[in-house]
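S.K.: Provided below: target-v5.txt, containing compact mmCIF, C-alpha atoms.
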```
# COMPACT_ATOMS: atom_id res chain seq x y z
CA MET J 1233 -47.91 -11.00 61.68
CA MET J 1234 -45.18 -8.71 60.51
CA PRO J 1235 -42.97 -7.24 63.24
CA PRO J 1236 -43.21 -3.46 63.66
CA ARG J 1237 -40.68 -1.74 61.44
CA SER J 1238 -39.14 1.65 60.92
CA VAL J 1239 -37.38 3.35 58.06
CA LEU J 1240 -34.25 5.46 58.24
CA LEU J 1241 -34.32 8.42 55.86
CA PHE J 1242 -31.28 10.13 54.41
CA GLU J 1243 -30.58 13.29 52.48
CA SER J 1244 -28.71 11.52 49.71
CA VAL J 1245 -28.38 8.14 48.03
CA SER J 1246 -24.70 8.05 48.97
CA ALA J 1247 -25.57 8.55 52.64
CA ALA J 1248 -28.03 5.66 52.43
CA LEU J 1249 -25.37 3.49 50.80
CA GLN J 1250 -22.82 4.42 53.44
CA ALA J 1251 -25.33 3.51 56.15
CA GLU J 1252 -26.01 0.21 54.43
CA LYS J 1253 -22.30 -0.59 54.44
CA ILE J 1254 -22.06 0.17 58.17
CA LEU J 1255 -25.12 -1.92 59.04
CA LYS J 1256 -23.76 -4.81 56.99
CA ALA J 1257 -20.40 -4.59 58.77
CA VAL J 1258 -22.00 -4.79 62.23
CA ASP J 1259 -24.47 -7.46 61.08
CA ILE J 1260 -27.74 -5.67 61.74
CA ALA J 1261 -30.59 -7.00 59.57
CA HIS J 1262 -31.87 -4.30 57.24
CA LYS J 1263 -33.23 -3.74 53.76
CA ILE J 1264 -32.92 -0.97 51.20
CA ILE J 1265 -36.37 -0.06 49.92
CA PRO J 1266 -37.84 2.86 47.97
CA VAL J 1267 -39.06 5.63 50.27
CA PRO J 1268 -42.75 4.84 50.97
CA LYS J 1269 -45.11 7.11 49.05
CA HIS J 1270 -46.63 8.69 52.15
CA ILE J 1271 -43.25 9.87 53.38
CA SER J 1272 -41.34 12.51 51.52
CA SER J 1273 -37.59 12.54 51.45
CA ASP J 1274 -34.93 14.17 49.33
CA CYS J 1275 -33.54 10.81 48.36
CA GLY J 1276 -35.53 7.99 46.77
CA VAL J 1277 -34.27 5.09 48.84
CA CYS J 1278 -34.29 4.42 52.55
CA ILE J 1279 -33.31 1.64 54.92
CA ARG J 1280 -35.92 -0.47 56.65
CA VAL J 1281 -35.14 -2.17 59.97
CA ASP J 1282 -37.22 -4.15 62.43
CA GLU J 1283 -38.20 -2.05 65.42
CA GLU J 1284 -36.19 -4.31 67.75
CA ASN J 1285 -33.03 -3.48 65.80
CA LEU J 1286 -33.68 0.24 65.52
CA ASP J 1287 -31.70 1.37 68.57
CA ARG J 1288 -28.70 -0.72 67.61
CA ALA J 1289 -28.86 0.60 64.05
CA LEU J 1290 -29.05 4.21 65.20
CA GLN J 1291 -26.12 3.63 67.54
CA ALA J 1292 -24.03 2.12 64.77
CA LEU J 1293 -24.74 5.06 62.48
CA GLN J 1294 -24.31 7.80 65.08
CA GLY J 1295 -21.63 10.27 64.12
CA ARG J 1296 -20.88 8.42 60.90
CA VAL J 1297 -23.84 9.15 58.64
CA VAL J 1298 -26.21 12.10 58.69
CA LEU J 1299 -29.71 10.78 59.27
CA GLN J 1300 -32.57 12.91 58.00
CA ASP J 1301 -35.36 11.26 59.93
CA THR J 1302 -36.65 8.01 61.36
CA ARG J 1303 -40.23 6.96 60.79
CA GLN J 1304 -42.27 4.07 62.03
CA LEU J 1305 -44.09 2.19 59.27
CA PRO J 1306 -47.85 1.74 59.64
CA MET N 705 -66.70 28.21 34.81
CA SER N 706 -64.55 26.58 37.51
CA HIS N 707 -65.47 26.05 41.12
CA THR N 708 -63.41 28.09 43.60
CA VAL N 709 -62.10 26.84 46.93
CA ASP N 710 -60.79 29.65 49.09
CA ALA N 711 -58.48 27.91 51.53
CA ARG N 712 -56.51 30.97 52.60
CA GLY N 713 -55.55 30.88 56.26
CA LEU N 714 -56.74 27.31 56.76
CA ALA N 715 -54.47 24.86 58.56
CA CYS N 716 -53.24 21.65 56.96
CA PRO N 717 -54.75 19.30 55.93
CA GLN N 718 -57.88 21.40 55.48
CA PRO N 719 -56.96 22.89 52.05
CA VAL N 720 -56.30 19.41 50.62
CA ILE N 721 -59.51 17.97 52.03
CA LEU N 722 -61.57 20.86 50.63
CA ALA N 723 -59.85 20.57 47.24
CA LYS N 724 -60.44 16.83 47.12
CA LYS N 725 -64.11 17.23 47.98
CA ALA N 726 -64.54 19.91 45.31
CA LEU N 727 -62.86 17.69 42.72
CA GLU N 728 -65.37 14.96 43.41
CA ARG N 729 -68.15 17.26 42.23
CA HIS N 730 -66.57 19.65 39.69
CA GLU N 731 -64.55 19.28 36.50
CA GLU N 732 -62.48 22.40 37.12
CA VAL N 733 -61.45 23.62 40.52
CA LEU N 734 -59.50 26.72 41.50
CA VAL N 735 -57.83 26.46 44.91
CA ILE N 736 -56.51 29.61 46.56
CA VAL N 737 -53.98 29.20 49.37
CA ASN N 738 -51.52 31.50 51.10
CA ASP N 739 -49.16 28.96 52.54
CA THR N 740 -46.29 27.12 50.82
CA ALA N 741 -46.99 23.75 52.43
CA ALA N 742 -50.66 23.97 51.49
CA ARG N 743 -49.73 24.88 47.91
CA GLU N 744 -47.36 21.91 47.60
CA ASN N 745 -49.89 19.53 49.13
CA VAL N 746 -52.65 20.63 46.76
CA LYS N 747 -50.24 20.19 43.82
CA LYS N 748 -49.39 16.71 45.10
CA LEU N 749 -53.07 15.87 45.36
CA ALA N 750 -53.69 16.91 41.75
CA SER N 751 -50.66 14.91 40.54
CA SER N 752 -51.63 11.81 42.49
CA LEU N 753 -55.11 11.92 40.95
CA GLY N 754 -53.58 12.34 37.51
CA TYR N 755 -55.16 15.78 36.93
CA ALA N 756 -53.50 18.64 35.07
CA PHE N 757 -52.93 21.89 36.97
CA THR N 758 -51.37 25.32 36.70
CA VAL N 759 -50.11 27.52 39.53
CA GLU N 760 -50.24 31.29 39.64
CA GLN N 761 -48.19 32.79 42.44
CA GLN N 762 -48.72 36.35 43.63
CA ASP N 763 -46.77 37.32 46.73
CA GLU N 764 -47.93 34.92 49.45
CA GLU N 765 -50.97 33.83 47.55
CA ALA N 766 -51.08 30.87 45.15
CA ARG N 767 -53.96 30.07 42.81
CA ILE N 768 -53.91 26.44 41.69
CA ALA N 769 -56.22 25.69 38.77
CA ILE N 770 -56.95 21.97 38.48
CA THR N 771 -58.62 20.36 35.44
CA LYS N 772 -59.81 16.79 35.59
CA GLY N 773 -59.73 15.86 31.89
CA GLU N 774 -59.61 12.27 30.74
CA THR N 775 -56.33 11.17 32.30
CA CYS N 776 -57.90 8.44 34.42
CA ALA N 777 -59.64 6.70 31.54
CA LEU N 778 -56.34 6.73 29.65
CA ALA N 779 -54.49 5.18 32.58
CA GLU N 780 -57.01 2.33 32.60
CA ASP N 781 -56.37 1.72 28.90
CA ILE N 782 -52.65 1.58 29.43
CA ILE N 783 -52.77 -1.14 32.07
CA SER N 784 -55.05 -3.46 30.16
CA THR N 785 -53.22 -6.06 28.11
CA THR N 786 -54.34 -9.25 26.42
CA GLY N 787 -51.37 -11.43 27.38
CA PRO N 788 -49.22 -11.93 30.44
CA VAL N 789 -47.02 -9.12 31.73
CA VAL N 790 -43.45 -10.37 31.55
CA VAL N 791 -40.46 -8.72 33.19
CA ALA N 792 -37.10 -9.82 31.82
CA VAL N 793 -34.17 -9.11 34.13
CA SER N 794 -30.88 -9.25 32.24
CA SER N 795 -28.57 -7.88 34.89
CA ASN N 796 -28.18 -7.61 38.65
CA THR N 797 -28.06 -3.85 38.27
CA MET N 798 -30.65 -1.45 36.87
CA GLY N 799 -29.46 0.78 34.08
CA THR N 800 -25.90 1.59 33.11
CA GLY N 801 -23.57 4.23 34.44
CA ASP N 802 -22.73 3.17 37.95
CA ASP N 803 -23.01 -0.37 39.29
CA THR N 804 -23.35 0.62 42.94
CA LEU N 805 -26.27 2.86 42.10
CA GLY N 806 -27.57 0.21 39.69
CA GLY N 807 -27.60 -2.34 42.50
CA VAL N 808 -29.63 -0.05 44.74
CA LEU N 809 -32.05 0.73 41.93
CA MET N 810 -32.56 -2.96 41.17
CA LYS N 811 -33.34 -3.74 44.84
CA SER N 812 -35.71 -0.82 44.91
CA PHE N 813 -37.39 -1.86 41.66
CA LEU N 814 -37.95 -5.49 42.65
CA HIS N 815 -39.34 -4.46 46.02
CA THR N 816 -41.76 -2.09 44.33
CA LEU N 817 -43.15 -4.74 41.95
CA LEU N 818 -45.05 -6.36 44.78
CA ASP N 819 -47.28 -3.32 45.24
CA THR N 820 -47.51 -2.34 41.58
CA THR N 821 -50.49 -2.90 39.32
CA PRO N 822 -50.31 -4.88 37.14
CA ARG N 823 -48.03 -7.24 39.00
CA PRO N 824 -45.84 -9.26 36.62
CA ASP N 825 -47.22 -12.66 35.64
CA VAL N 826 -43.80 -13.95 34.70
CA MET N 827 -40.28 -12.83 35.57
CA ILE N 828 -37.30 -14.13 33.64
CA PHE N 829 -33.77 -13.85 35.00
CA PHE N 830 -30.86 -14.29 32.62
CA ASN N 831 -27.19 -13.39 32.24
CA ALA N 832 -26.00 -11.62 35.45
CA GLY N 833 -29.66 -11.25 36.43
CA VAL N 834 -29.54 -14.82 37.77
CA LYS N 835 -27.28 -13.62 40.59
CA LEU N 836 -30.39 -12.05 42.12
CA THR N 837 -31.99 -15.49 42.54
CA VAL N 838 -29.29 -17.34 44.46
CA GLU N 839 -28.35 -17.63 48.14
CA GLY N 840 -26.88 -14.41 49.47
CA SER N 841 -29.00 -12.23 47.17
CA GLU N 842 -30.64 -9.35 49.01
CA VAL N 843 -33.90 -9.60 47.10
CA LEU N 844 -34.84 -13.19 47.90
CA ASP N 845 -37.60 -12.04 50.25
CA ASP N 846 -39.13 -9.88 47.50
CA LEU N 847 -38.88 -12.66 44.92
CA GLY N 848 -40.41 -15.10 47.41
CA ALA N 849 -43.31 -12.74 48.06
CA LEU N 850 -43.85 -12.23 44.32
CA ALA N 851 -43.86 -16.00 43.76
CA GLU N 852 -46.35 -16.41 46.59
CA ALA N 853 -48.55 -13.76 44.99
CA GLY N 854 -48.60 -15.77 41.76
CA THR N 855 -45.66 -14.51 39.73
CA LYS N 856 -43.88 -17.31 37.87
CA ILE N 857 -40.12 -16.95 38.18
CA LEU N 858 -37.94 -18.49 35.48
CA VAL N 859 -34.18 -18.60 35.90
CA CYS N 860 -31.86 -19.26 33.00
CA GLY N 861 -30.10 -22.59 33.62
CA THR N 862 -27.30 -21.90 31.18
CA CYS N 863 -26.52 -18.70 33.06
CA LEU N 864 -26.54 -20.38 36.49
CA ASN N 865 -24.19 -22.94 35.04
CA PHE N 866 -21.91 -20.31 33.53
CA PHE N 867 -21.53 -18.44 36.83
CA GLU N 868 -21.25 -21.81 38.65
CA ILE N 869 -24.02 -20.98 41.09
CA LYS N 870 -26.63 -23.55 40.06
CA ASP N 871 -26.47 -25.30 43.44
CA ARG N 872 -27.27 -22.04 45.21
CA LEU N 873 -30.56 -21.27 43.47
CA ALA N 874 -32.99 -19.95 46.10
CA ALA N 875 -35.86 -18.39 44.12
CA GLY N 876 -37.87 -19.56 41.11
CA SER N 877 -37.15 -22.57 38.96
CA VAL N 878 -34.43 -23.43 36.48
CA SER N 879 -35.60 -22.81 32.96
CA ASN N 880 -34.33 -23.19 29.42
CA MET N 881 -34.21 -21.01 26.32
CA TYR N 882 -37.36 -22.62 24.84
CA ASP N 883 -39.50 -21.55 27.78
CA ILE N 884 -37.76 -18.21 28.05
CA ALA N 885 -38.21 -17.39 24.35
CA ARG N 886 -41.84 -18.55 24.37
CA SER N 887 -42.65 -16.49 27.46
CA MET N 888 -41.19 -13.41 25.82
CA LEU N 889 -42.90 -13.91 22.47
CA THR N 890 -46.33 -14.59 23.96
CA ALA N 891 -46.18 -11.68 26.40
CA GLY N 892 -48.93 -9.07 26.38
CA ARG N 893 -46.26 -6.69 27.56
CA LEU N 894 -42.56 -7.33 27.86
CA VAL N 895 -40.57 -5.14 30.19
CA ARG N 896 -36.84 -5.54 29.97
CA ILE N 897 -34.62 -4.39 32.79
```
As structure tokens - that is how I would like this structure written.

M.R.:
Amino acid sequence: MMPPRSVLLFESVSAALQAEKILKAVDIAHKIIPVPKHISSDCGVCIRVDEENLDRALQALQGRVVLQDTRQLP
Amino acid sequence: MSHTVDARGLACPQPVILAKKALERHEEVLVIVNDTAARENVKKLASSLGYAFTVEQQDEEARIAITKGETCALAEDIISTTGPVVVAVSSNTMGTGDDTLGGVLMKSFLHTLLDTTPRPDVMIFFNAGVKLTVEGSEVLDDLGALAEAGTKILVCGTCLNFFEIKDRLAAGSVSNMYDIARSMLTAGRLVRI
């Protein structure tokens, strides 16, 4: 069974890249994936994290990258 | 004569549902909405079904004329091939222009392959593309899933040797130019990235 996961959506590719850099630096497991078809976003890529890491990821990004939205994956 | 769906004043997702139902029974459907979100959603529906459409906007009101045509039959033709679908990956980035962007695009592309039809039968990694197949690569999970789903992954041995990363191979199997050339030449479709 796959663990529940969420995606972090951004307004731009550069914001997503900046977020990726931050998550890498603080060692939070994540993955850049294309924005799922059922979700619309201004930028084509998003960052997927396991639900258990979501709070830590949001904390790490707070004030450093503008997050457009967070969505739970089905 | 086209069938008309008057979806003015209806809340989402009602206009889309009505349009979809009408399209199941009619070749041409005219959908009238008076809401921007509804208009965009009906347009998205038509696009996702591969149908042509035109939009006429008058003040608040939008009239979306959708024609079914033969797009779907064509799409079926396009995805049928007689030989294996081969994806040749010659770099660890996708496209030229900016390597940071190229890296993101490549990750995105490889992740998408798993849900795409047709899924590649063979993937060949050569030159800097082999860097995607060794320890530390961020696409190992996608390559593993593709392999599990039946995609054969060939990795250029000469290239692993050149970059001195042969001992770190973590996806697919080491291959040689004979197999690589034969896979390319016998492909039903060859996609080079």

S.K.: I need the chain J residues near chain N as a list in words; criterion: at most 10 Å, counting all atoms listed in the file.

M.R.: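 The contacting residues on chain J are Val1245, Ser1246, Ala1248, Leu1249, His1262, Lys1263, Ile1264, Ile1265, Pro1266, Val1267, Pro1268, Gly1276, Val1277 and Cys1278 of chain J.
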
S.K.: Please, what is the axis-aligned box for every listed atom of region 1285-1300 of chain J with 5 Å on each side, as centre and edge lengths in Å to one decimal, as AutoDock Vina command-line options?

M.R.:
```
--center_x -27.3 --center_y 4.7 --center_z 63.3 --size_x 22.8 --size_y 26.4 --size_z 20.6
```

S.K.: Which distance in Å separates CA of Pro788 (chain N) and CA of Asp825 (chain N), to one decimal?

M.R.: 5.6 Å
